[in-house]
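Trainee: Got a structure for you, questions after.
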Amino acid sequence: MDSRVSELFGGCCRPGGGPAMGGNLKARGAGGSSSCGGPKGKKKNGRNRGGKANNPPYLPPEAEDGNIEYKLKLVNPSQYRFEHLVTQMKWRLQEGRGEAVYQIGVEDNGLLVGLAEEEMRASLKTLHRMAEKVGADITVLREREVDYDSDVPRKITEVLVRKVPDNQQFLDLRVAVLGNVDSGKSTLLGVLTQGELDNGRGRARLNLFRHLHEIQSGRTSSISFEILGFNSKGEVVNYSDSRTAEEICESSSKMITFIDLAGHHKYLHTTIFGLTSYCPDCALLLVSANTGIAGTTREHLGLALALKVPFFIVVSKVDLCAKTTVERTVRQLERVLKQPGCHKVPMLVTSEDDAVTAAQQFAQSPNVTPIFTLSSVSGESLDLLKVFLNILPPLTNSKEQEELMQQLTEFQVDEIYTVPEVGTVVGGTLSSGICREGDQLVVGPTDDGCFLELRVCSIQRNRSACRVLRAGQAATLALGDFDRALLRKGMVMVSPEMNPTICSVFEAEIVLLFHATTFRRGFQVTVHVGNVRQTAVVEKIHAKDKLRTGEKAVVRFRFLKHPEYLKVGAKLLFREGVTKGIGHVTDVQAITAGEAQASMGF
């Protein structure tokens with residue numbers, strides 16, 4: 001992480017600072033650049049139909065891994081060939097966790113050849129048969145014409161293949177929603193999930209608030225979750241037809257779970273907890289067109305960069321501004337994104353073709369940052385954001401998922417409830433392994449450093465019943481009559497075979513992002529490591545007496561209240577007032593329950 005990201009936290013970022021990196025990557029339409037932005041080969045002689053520029057003749061060569069498949073043509077394959085193609089599609093769908101993209105008319109080396117209309121129609125018919133065989137649907141994303149020396153027009157077709165939902169195994173992407181207070185975060189989510197535009201006075205956000213004071217003030221102070229579903233054909237499934245959450249899950253092949261976070265500075269600790277504990281796949285940074293980068297916008301941007309969470313930007317409230325004001329806000333964002341602490345390539349999305357390109361490049365390159373301009377009142381460009389979310393592929397590959405599932409069960413406890421006739425319920429994310437109904441786990445550490453046995457009675461995922469939970473998925477687990485008083489946020493539920501260790505003292509390699517004076521031994525900070533959030537004191541700064549903004553060091557911390565379960569390599573973020581720093585855990589001093597009781601004064 002570049003230490004210059006500290007400028008985003010310290011509020012000293014110059015509005016025009018830093019050289020441009022790659023310029024403004026604005027996606028073009030059907031006559032523009034290829035969707036994957038790969039290396040260009042030699043251009044073949046071709047005509048310029050209708051005055052349009054020729055397409056670059058190459059995409060990047062086809063990769064063996066991943067969910068993108070190139071096919072020159074699929075015309076009348078033999079039965080043996082058809083079965084092979086079906087097996088290949090199953091592999092691509094597995095790599096994309098239920099989604100795959102087929103480029104028809106492209107050779108394996110990426111050469112854009114194109115097909116005549118009859119061949120393309122036959123190829124799409126074969127692709128449809130293949131999809132039916134594996135229980136999937138196909139949706140044509142876009143067609144592009146390739147200019148060659150031929151009187152017959154030749155086209156390339158990009159097709160999305162998506163599995164029909166089966167036993168709750170839909171693709172689930174978690175998107176954290178960041179942005180300054182009053183930028184319209186909850187309103188946008190209300191419009192997306194409810195299917196109705198806002199009236200300009202916040203009507204769309206009312207169903208998202210969890211507390212009376214949020215309704216009265218119009219400001220989010222807690223973490224709430226909203227879901228947006230897409231079926232196998234890419235159509236939106238939401239609450240507009242009086243559907244319940246369970247019906248949305250049953251009808252969806254892909255689920256976007258929005259994590260609505262607080263924008264006000266006094267709720268910053270809640271926002272940090274949401275980013276560190278709920279493990280979002282990416283973040284949506286909302287910026288009001290009429291105010292630009294104001295309030296906590298720069299700080300939220302810095303948090304996303306520090307935690308290495310990919311993000312895209314939505315400029316809202318364009319209906320309130322003149323076009324020149326919107327353009328000025330976009331230019332301001334582009335300048336900040338290109339600064340040395342960010343090193344991002346902004347990509348303005350103005351058409352459906354741009355949205356498809358943005359989704360693919362966003363998944364392939366962590367530096368690409370799509371920018372949308374829309375209105376929750378008029379609905380302007382709202383469909384472009386839906387196209388982007390529908391096509392956005394999973395940002396983790398299937399191999400990583402399989403490796404996590406092979407490990408022992410570890411569930412992070414982020415929320416605790418008491419439900420009538422159900423008992424104690426915990427919400428959180430399964431970090432590794434598989435969790436099933438009836439599993440016997442241990443939960444801890446308690447204040448005195450112990451782990452307690454419990455049984456998982458039932459599981460709910462996205463508010464509907466689920467029998468099996470896999471690594472990376474968020475859910476709520478019912479624990480029956482287990483005493484809620486013994487639980488707290490920051491605990492973990494793990495397999496008894498794991499023999500979990502706890503610590504009160506740990507060391508971390510940190511970068512001090514911002515501090516008004518010097519960072520010394522004895523300084524107290526609030527430490528965030530995953531779902532752990534606790535005050536810790538600095539016991540030692542190795543090889544140095546003090547730290548200043550931008551400096552690095554290995555620091556030893558001691559928790560003040562109770563021991564925690566930490567893992568080496570975990571990302572760490574600490575704060576205290578304007579003081580902020582990031583790093584990762586390098587060493588934990590494991591202790592027994594007895595030692596924990598002694599060190600904490602029990």
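Note on naming: chains are A, B, ... as they come in the structure tokens, residues start from 1 per chain, ligands start from 1 in the order shown.
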Using only C-alpha atoms, which protein or nucleic acid residues come within 7 Å of range 488-494 of chain A? Drop anything in the same chain fewer than 6 positions from it, and give the result as a list in words.

Mentor: Thr409, Glu410, Phe411, Gln412, Val413, Asp414, Glu415, Leu441, Val442, Val443, Gly444, Pro445, Asn531, Val532 and Arg533 of chain A

Trainee: Check the DSSP output for the backbone and give back, as JSON, numbers by chain, the residues of range 269-427 of chain A in helix (DSSP H, G or I).

Mentor: {"A": [269, 270, 271, 272, 273, 274, 275, 276, 277, 297, 298, 299, 300, 301, 302, 303, 304, 305, 306, 318, 319, 320, 323, 324, 325, 326, 327, 328, 329, 330, 331, 332, 333, 334, 335, 336, 337, 352, 353, 354, 355, 356, 357, 358, 359, 360, 361, 362, 363, 364, 382, 383, 384, 385, 386, 387, 388, 389, 390, 391, 398, 399, 400, 401, 402, 403, 404, 405, 406]}

Trainee: I need the residues in range 417-506 of chain A that are strand (DSSP E or B) according to DSSP; give them as an NGL selection string.

Mentor: :A and (417-419 or 423-432 or 434-436 or 440-444 or 452-455 or 458-461 or 464-466 or 468-470 or 474-478 or 492-494 or 502-506)

Trainee: What's around Lys90 in chain A at 12 Å? Count only C-alpha atoms, leave out sequence neighbours fewer than 2 positions away in its own chain, and write the answer as a compact mmCIF listing (two decimals) with N, CA and C atoms, in the first residue's frame.

Mentor:
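Result written to around24.txt:
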# COMPACT_ATOMS: atom_id res chain seq x y z
N GLY A 66 -10.61 -19.33 -15.52
CA GLY A 66 -11.55 -18.23 -15.66
C GLY A 66 -12.83 -18.64 -16.35
N ASN A 67 -13.76 -17.70 -16.46
CA ASN A 67 -15.09 -18.03 -16.99
C ASN A 67 -15.34 -17.46 -18.38
N GLU A 69 -14.82 -17.86 -22.45
CA GLU A 69 -14.53 -18.87 -23.47
C GLU A 69 -14.67 -18.26 -24.86
N GLU A 83 -20.94 -33.18 -26.80
CA GLU A 83 -20.71 -33.58 -25.40
C GLU A 83 -19.45 -32.93 -24.84
N HIS A 84 -18.43 -32.84 -25.69
CA HIS A 84 -17.19 -32.17 -25.25
C HIS A 84 -17.45 -30.70 -24.96
N LEU A 85 -18.24 -30.05 -25.82
CA LEU A 85 -18.57 -28.63 -25.61
C LEU A 85 -19.36 -28.42 -24.32
N VAL A 86 -20.26 -29.36 -24.02
CA VAL A 86 -21.05 -29.27 -22.79
C VAL A 86 -20.15 -29.39 -21.56
N THR A 87 -19.21 -30.35 -21.62
CA THR A 87 -18.25 -30.50 -20.51
C THR A 87 -17.43 -29.24 -20.33
N GLN A 88 -17.04 -28.63 -21.44
CA GLN A 88 -16.27 -27.38 -21.40
C GLN A 88 -17.09 -26.25 -20.77
N ARG A 92 -16.37 -23.86 -17.39
CA ARG A 92 -16.39 -22.40 -17.36
C ARG A 92 -17.40 -21.89 -16.33
N LEU A 93 -18.55 -22.54 -16.22
CA LEU A 93 -19.55 -22.15 -15.23
C LEU A 93 -19.03 -22.37 -13.81
N GLN A 94 -18.28 -23.45 -13.63
CA GLN A 94 -17.70 -23.71 -12.31
C GLN A 94 -16.67 -22.64 -11.97
N GLU A 95 -15.85 -22.24 -12.95
CA GLU A 95 -14.85 -21.21 -12.73
C GLU A 95 -15.50 -19.88 -12.37
N GLY A 96 -16.66 -19.59 -13.00
CA GLY A 96 -17.36 -18.33 -12.74
C GLY A 96 -18.42 -18.45 -11.67
N ARG A 97 -18.42 -19.59 -10.93
CA ARG A 97 -19.38 -19.83 -9.85
C ARG A 97 -20.82 -19.62 -10.33
N GLY A 98 -21.10 -20.18 -11.54
CA GLY A 98 -22.47 -20.14 -12.07
C GLY A 98 -22.65 -19.22 -13.24
N GLU A 99 -21.59 -18.51 -13.63
CA GLU A 99 -21.66 -17.58 -14.77
C GLU A 99 -20.49 -17.83 -15.71
N ALA A 100 -20.74 -17.64 -17.02
CA ALA A 100 -19.67 -17.71 -18.01
C ALA A 100 -20.00 -16.74 -19.14
N MET A 130 -26.54 -26.31 -25.63
CA MET A 130 -25.54 -26.62 -24.60
C MET A 130 -25.99 -26.11 -23.23
N ALA A 131 -26.51 -24.87 -23.21
CA ALA A 131 -26.96 -24.28 -21.94
C ALA A 131 -28.12 -25.07 -21.35
N GLU A 132 -29.04 -25.51 -22.18
CA GLU A 132 -30.16 -26.32 -21.69
C GLU A 132 -29.67 -27.61 -21.06
N LYS A 133 -28.63 -28.18 -21.65
CA LYS A 133 -28.09 -29.44 -21.16
C LYS A 133 -27.53 -29.30 -19.74
N VAL A 134 -26.96 -28.14 -19.42
CA VAL A 134 -26.34 -27.94 -18.10
C VAL A 134 -27.27 -27.17 -17.15
N GLY A 135 -28.49 -26.88 -17.61
CA GLY A 135 -29.43 -26.16 -16.75
C GLY A 135 -29.11 -24.69 -16.63
N ALA A 136 -28.87 -24.04 -17.76
CA ALA A 136 -28.52 -22.62 -17.76
C ALA A 136 -29.32 -21.90 -18.84
N VAL A 161 -23.81 -16.70 -20.12
CA VAL A 161 -24.42 -17.99 -19.77
C VAL A 161 -24.53 -18.04 -18.25
N ARG A 162 -25.74 -18.26 -17.74
CA ARG A 162 -25.94 -18.25 -16.29
C ARG A 162 -26.80 -19.43 -15.86
N LYS A 163 -26.36 -20.10 -14.81
CA LYS A 163 -27.09 -21.26 -14.30
C LYS A 163 -28.45 -20.86 -13.74

Trainee: Can you pull out the residues contacting range 482-484 of chain A? Cut-off 8 Å, using only C-alpha atoms, and skip same-chain residues under 5 positions away; I want them as a ChimeraX atom specification.

Mentor: /A:416-418,423-424,454

Trainee: Skip Gly522 in chain A itself and residues of its chain fewer than 3 positions away, then list as a ChimeraX atom specification all residues within 9 Å of it, counting only C-alpha atoms.

Mentor: /A:537-540

Trainee: Using only C-alpha atoms, which residues sit within 6 Å of range 384-396 of chain A once same-chain residues fewer than 6 positions away are excluded, as a short mmCIF file (atom, residue, chain, number, x, y, z; two decimals) with N, CA, C and O atoms, in the first residue's frame?

Mentor:
data_model
loop_
_atom_site.label_atom_id
_atom_site.label_comp_id
_atom_site.auth_asym_id
_atom_site.auth_seq_id
_atom_site.Cartn_x
_atom_site.Cartn_y
_atom_site.Cartn_z
N GLU A 352 -24.90 1.45 -22.61
CA GLU A 352 -25.01 0.06 -22.18
C GLU A 352 -23.76 -0.72 -22.56
O GLU A 352 -23.31 -1.59 -21.82
N ALA A 355 -21.21 -0.11 -20.04
CA ALA A 355 -21.46 -0.82 -18.78
C ALA A 355 -20.95 -2.25 -18.86
O ALA A 355 -20.39 -2.78 -17.88
N ALA A 359 -17.85 -3.68 -16.51
CA ALA A 359 -17.97 -4.84 -15.62
C ALA A 359 -16.82 -5.82 -15.84
O ALA A 359 -16.25 -6.36 -14.88
N ALA A 363 -13.42 -6.38 -13.20
CA ALA A 363 -13.07 -7.68 -12.61
C ALA A 363 -11.64 -8.10 -12.97
O ALA A 363 -10.99 -8.81 -12.20
#

Trainee: CA of Asp198 in chain A to CA of Thr329 in chain A: how many Å, to one decimal?

Mentor: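 Atom-to-atom, CA of Asp198 in chain A to CA of Thr329 in chain A, that is 22.4 Å.
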